[in-house]
Amino acid sequence: MNINIKSTRLELTDAIRDYFQDKMDMLDKYLGDLEVINCDVEIEKAVGGQHKGQIYRAEVNIQVPREILRVEKVEKDLYKAIDKVKDHLELVIKKYREKNRDKKRGK
């Protein structure tokens, strides 16, 4: 899967890029033969309130036929945000495939 990664207020290092690529590669088994038209990822270091400190936001948009699967998570740790996005995206993909399977079966 070809992934377009954008970072905001954060230096996108090779370690972050490789980590995200590894996590997205894990989703290939759930995508199966599903056609992925486009996959956009945004990683952002957001400025929290007075006592919040650094907050990281990870967002993934996967464009599939007739729909866009979107997940966004906010955490205090960048890698934790990436892990949560992957886990939630797995559920979204399963739900999308089940919905399409039911449509084909006429339910």
# chains A, B, ... in the order shown; residues from 1 in each chain; ligands from 1
>>> select_by_dssp(residues="chain A", states="strand (DSSP E or B)", output="ChimeraX atom specification")
/A:4-8,38-47,54-64,67-75
>>> residues_around(residues="region 86-102 of chain A", least_positions_apart="3", cutoff="8 Å", atoms="only C-alpha atoms", output="list in words")
Lys23, Met24, Leu27, Tyr30, Leu31, Leu69, Arg70, Val71, Ile82, Asp83, Arg105, Gly106 and Lys107 of chain A
>>> select_by_dssp(residues="region 10-102 of chain A", states="helix (DSSP H, G or I)", output="number ranges by chain")
A: 14-25, 28-31, 78-102
>>> closest_residue(among="A:Val36, A:Ile16, A:Met26, A:Val60", to="Leu78 (chain A)", atoms="only C-alpha atoms")
A:Ile16
>>> atom_distance(atom1="CA of Leu10 (chain A)", atom2="CA of Glu42 (chain A)")
10.6 Å
>>> closest_residue(among="A:Cys39, A:Val74, A:Ile62, A:Ala81", to="Tyr19 (chain A)", atoms="only C-alpha atoms")
A:Ala81
>>> decode(residues="region 91-107 of chain A", atoms="all heavy atoms", output="tab-separated table (two decimals), in the first residue's frame")
chain	number	residue	atom	x	y	z
A	91	LEU	N	-10.70	-2.31	13.03
A	91	LEU	CA	-12.14	-2.48	13.27
A	91	LEU	C	-12.98	-1.84	12.17
A	91	LEU	O	-13.99	-2.40	11.73
A	91	LEU	CB	-12.52	-1.90	14.63
A	91	LEU	CG	-11.87	-2.54	15.85
A	91	LEU	CD1	-12.22	-1.77	17.10
A	91	LEU	CD2	-12.27	-3.99	15.97
A	92	VAL	N	-12.56	-0.66	11.73
A	92	VAL	CA	-13.30	0.04	10.67
A	92	VAL	C	-13.26	-0.75	9.36
A	92	VAL	O	-14.27	-0.86	8.66
A	92	VAL	CB	-12.73	1.47	10.48
A	92	VAL	CG1	-13.30	2.14	9.25
A	92	VAL	CG2	-13.00	2.31	11.72
A	93	ILE	N	-12.12	-1.32	9.04
A	93	ILE	CA	-11.99	-2.11	7.82
A	93	ILE	C	-12.86	-3.36	7.90
A	93	ILE	O	-13.56	-3.71	6.94
A	93	ILE	CB	-10.51	-2.49	7.56
A	93	ILE	CG1	-9.71	-1.24	7.19
A	93	ILE	CG2	-10.40	-3.53	6.46
A	93	ILE	CD1	-8.21	-1.46	7.17
A	94	LYS	N	-12.85	-4.04	9.05
A	94	LYS	CA	-13.68	-5.22	9.21
A	94	LYS	C	-15.16	-4.87	9.05
A	94	LYS	O	-15.92	-5.61	8.41
A	94	LYS	CB	-13.46	-5.85	10.59
A	94	LYS	CG	-12.15	-6.58	10.73
A	94	LYS	CD	-12.02	-7.14	12.13
A	94	LYS	CE	-10.71	-7.84	12.35
A	94	LYS	NZ	-10.58	-8.35	13.73
A	95	LYS	N	-15.58	-3.76	9.62
A	95	LYS	CA	-16.97	-3.33	9.52
A	95	LYS	C	-17.34	-3.01	8.08
A	95	LYS	O	-18.42	-3.37	7.61
A	95	LYS	CB	-17.19	-2.10	10.41
A	95	LYS	CG	-18.61	-1.61	10.48
A	95	LYS	CD	-18.72	-0.46	11.44
A	95	LYS	CE	-20.13	0.10	11.45
A	95	LYS	NZ	-20.26	1.24	12.35
A	96	TYR	N	-16.45	-2.34	7.36
A	96	TYR	CA	-16.70	-1.99	5.95
A	96	TYR	C	-16.83	-3.25	5.10
A	96	TYR	O	-17.74	-3.37	4.29
A	96	TYR	CB	-15.55	-1.12	5.43
A	96	TYR	CG	-15.62	-0.85	3.95
A	96	TYR	CD1	-16.49	0.11	3.45
A	96	TYR	CD2	-14.81	-1.53	3.06
A	96	TYR	CE1	-16.57	0.37	2.09
A	96	TYR	CE2	-14.87	-1.28	1.70
A	96	TYR	CZ	-15.75	-0.33	1.23
A	96	TYR	OH	-15.82	-0.08	-0.12
A	97	ARG	N	-15.94	-4.22	5.31
A	97	ARG	CA	-16.00	-5.46	4.53
A	97	ARG	C	-17.26	-6.25	4.86
A	97	ARG	O	-17.88	-6.82	3.97
A	97	ARG	CB	-14.75	-6.29	4.79
A	97	ARG	CG	-13.50	-5.67	4.16
A	97	ARG	CD	-12.30	-6.55	4.31
A	97	ARG	NE	-12.42	-7.79	3.58
A	97	ARG	CZ	-12.08	-7.95	2.30
A	97	ARG	NH1	-11.62	-6.93	1.61
A	97	ARG	NH2	-12.20	-9.11	1.71
A	98	GLU	N	-17.67	-6.28	6.11
A	98	GLU	CA	-18.89	-6.99	6.50
A	98	GLU	C	-20.12	-6.33	5.88
A	98	GLU	O	-21.03	-7.01	5.41
A	98	GLU	CB	-19.00	-7.00	8.03
A	98	GLU	CG	-20.15	-7.82	8.55
A	98	GLU	CD	-19.95	-9.31	8.35
A	98	GLU	OE1	-18.81	-9.79	8.34
A	98	GLU	OE2	-20.98	-10.00	8.18
A	99	LYS	N	-20.13	-5.01	5.86
A	99	LYS	CA	-21.24	-4.27	5.26
A	99	LYS	C	-21.35	-4.58	3.77
A	99	LYS	O	-22.44	-4.82	3.25
A	99	LYS	CB	-21.02	-2.77	5.48
A	99	LYS	CG	-22.15	-1.89	5.04
A	99	LYS	CD	-21.88	-0.47	5.54
A	99	LYS	CE	-21.81	0.47	4.38
A	99	LYS	NZ	-21.56	1.85	4.80
A	100	ASN	N	-20.23	-4.60	3.08
A	100	ASN	CA	-20.24	-4.92	1.64
A	100	ASN	C	-20.62	-6.37	1.39
A	100	ASN	O	-21.30	-6.68	0.42
A	100	ASN	CB	-18.88	-4.62	1.02
A	100	ASN	CG	-18.71	-3.14	0.75
A	100	ASN	OD1	-19.67	-2.39	0.77
A	100	ASN	ND2	-17.48	-2.73	0.53
A	101	ARG	N	-20.18	-7.25	2.26
A	101	ARG	CA	-20.52	-8.66	2.12
A	101	ARG	C	-22.04	-8.86	2.27
A	101	ARG	O	-22.66	-9.61	1.53
A	101	ARG	CB	-19.77	-9.49	3.17
A	101	ARG	CG	-19.88	-10.98	2.95
A	101	ARG	CD	-19.04	-11.78	3.94
A	101	ARG	NE	-17.65	-11.36	3.93
A	101	ARG	CZ	-16.97	-11.01	5.02
A	101	ARG	NH1	-17.54	-11.04	6.20
A	101	ARG	NH2	-15.71	-10.65	4.94
A	102	ASP	N	-22.64	-8.16	3.23
A	102	ASP	CA	-24.08	-8.26	3.42
A	102	ASP	C	-24.87	-7.69	2.24
A	102	ASP	O	-25.90	-8.21	1.87
A	102	ASP	CB	-24.50	-7.53	4.71
A	102	ASP	CG	-24.07	-8.28	5.96
A	102	ASP	OD1	-23.68	-9.46	5.84
A	102	ASP	OD2	-24.13	-7.70	7.06
A	103	LYS	N	-24.35	-6.60	1.65
A	103	LYS	CA	-25.01	-6.02	0.47
A	103	LYS	C	-25.01	-7.01	-0.69
A	103	LYS	O	-25.99	-7.13	-1.42
A	103	LYS	CB	-24.32	-4.73	0.04
A	103	LYS	CG	-24.68	-3.55	0.86
A	103	LYS	CD	-23.99	-2.30	0.33
A	103	LYS	CE	-24.27	-1.10	1.17
A	103	LYS	NZ	-23.57	0.09	0.70
A	104	LYS	N	-23.90	-7.69	-0.87
A	104	LYS	CA	-23.79	-8.65	-1.98
A	104	LYS	C	-24.71	-9.84	-1.76
A	104	LYS	O	-25.20	-10.43	-2.72
A	104	LYS	CB	-22.35	-9.13	-2.15
A	104	LYS	CG	-21.44	-8.07	-2.73
A	104	LYS	CD	-20.03	-8.58	-2.87
A	104	LYS	CE	-19.13	-7.49	-3.42
A	104	LYS	NZ	-17.74	-7.93	-3.52
A	105	ARG	N	-24.93	-10.20	-0.51
A	105	ARG	CA	-25.79	-11.35	-0.21
A	105	ARG	C	-27.27	-10.97	-0.19
A	105	ARG	O	-28.12	-11.83	-0.03
A	105	ARG	CB	-25.41	-11.95	1.14
A	105	ARG	CG	-24.05	-12.62	1.10
A	105	ARG	CD	-23.70	-13.19	2.44
A	105	ARG	NE	-22.37	-13.77	2.38
A	105	ARG	CZ	-21.67	-14.14	3.44
A	105	ARG	NH1	-22.18	-13.99	4.64
A	105	ARG	NH2	-20.48	-14.66	3.30
A	106	GLY	N	-27.56	-9.69	-0.29
A	106	GLY	CA	-28.94	-9.24	-0.35
A	106	GLY	C	-29.60	-9.08	1.00
A	106	GLY	O	-30.82	-9.11	1.10
A	107	LYS	N	-28.83	-8.84	2.04
A	107	LYS	CA	-29.42	-8.67	3.38
A	107	LYS	C	-29.71	-7.22	3.64
A	107	LYS	O	-29.13	-6.33	3.21
A	107	LYS	CB	-28.48	-9.20	4.45
A	107	LYS	CG	-28.36	-10.70	4.38
A	107	LYS	CD	-27.49	-11.18	5.52
A	107	LYS	CE	-27.36	-12.69	5.45
A	107	LYS	NZ	-26.53	-13.22	6.49
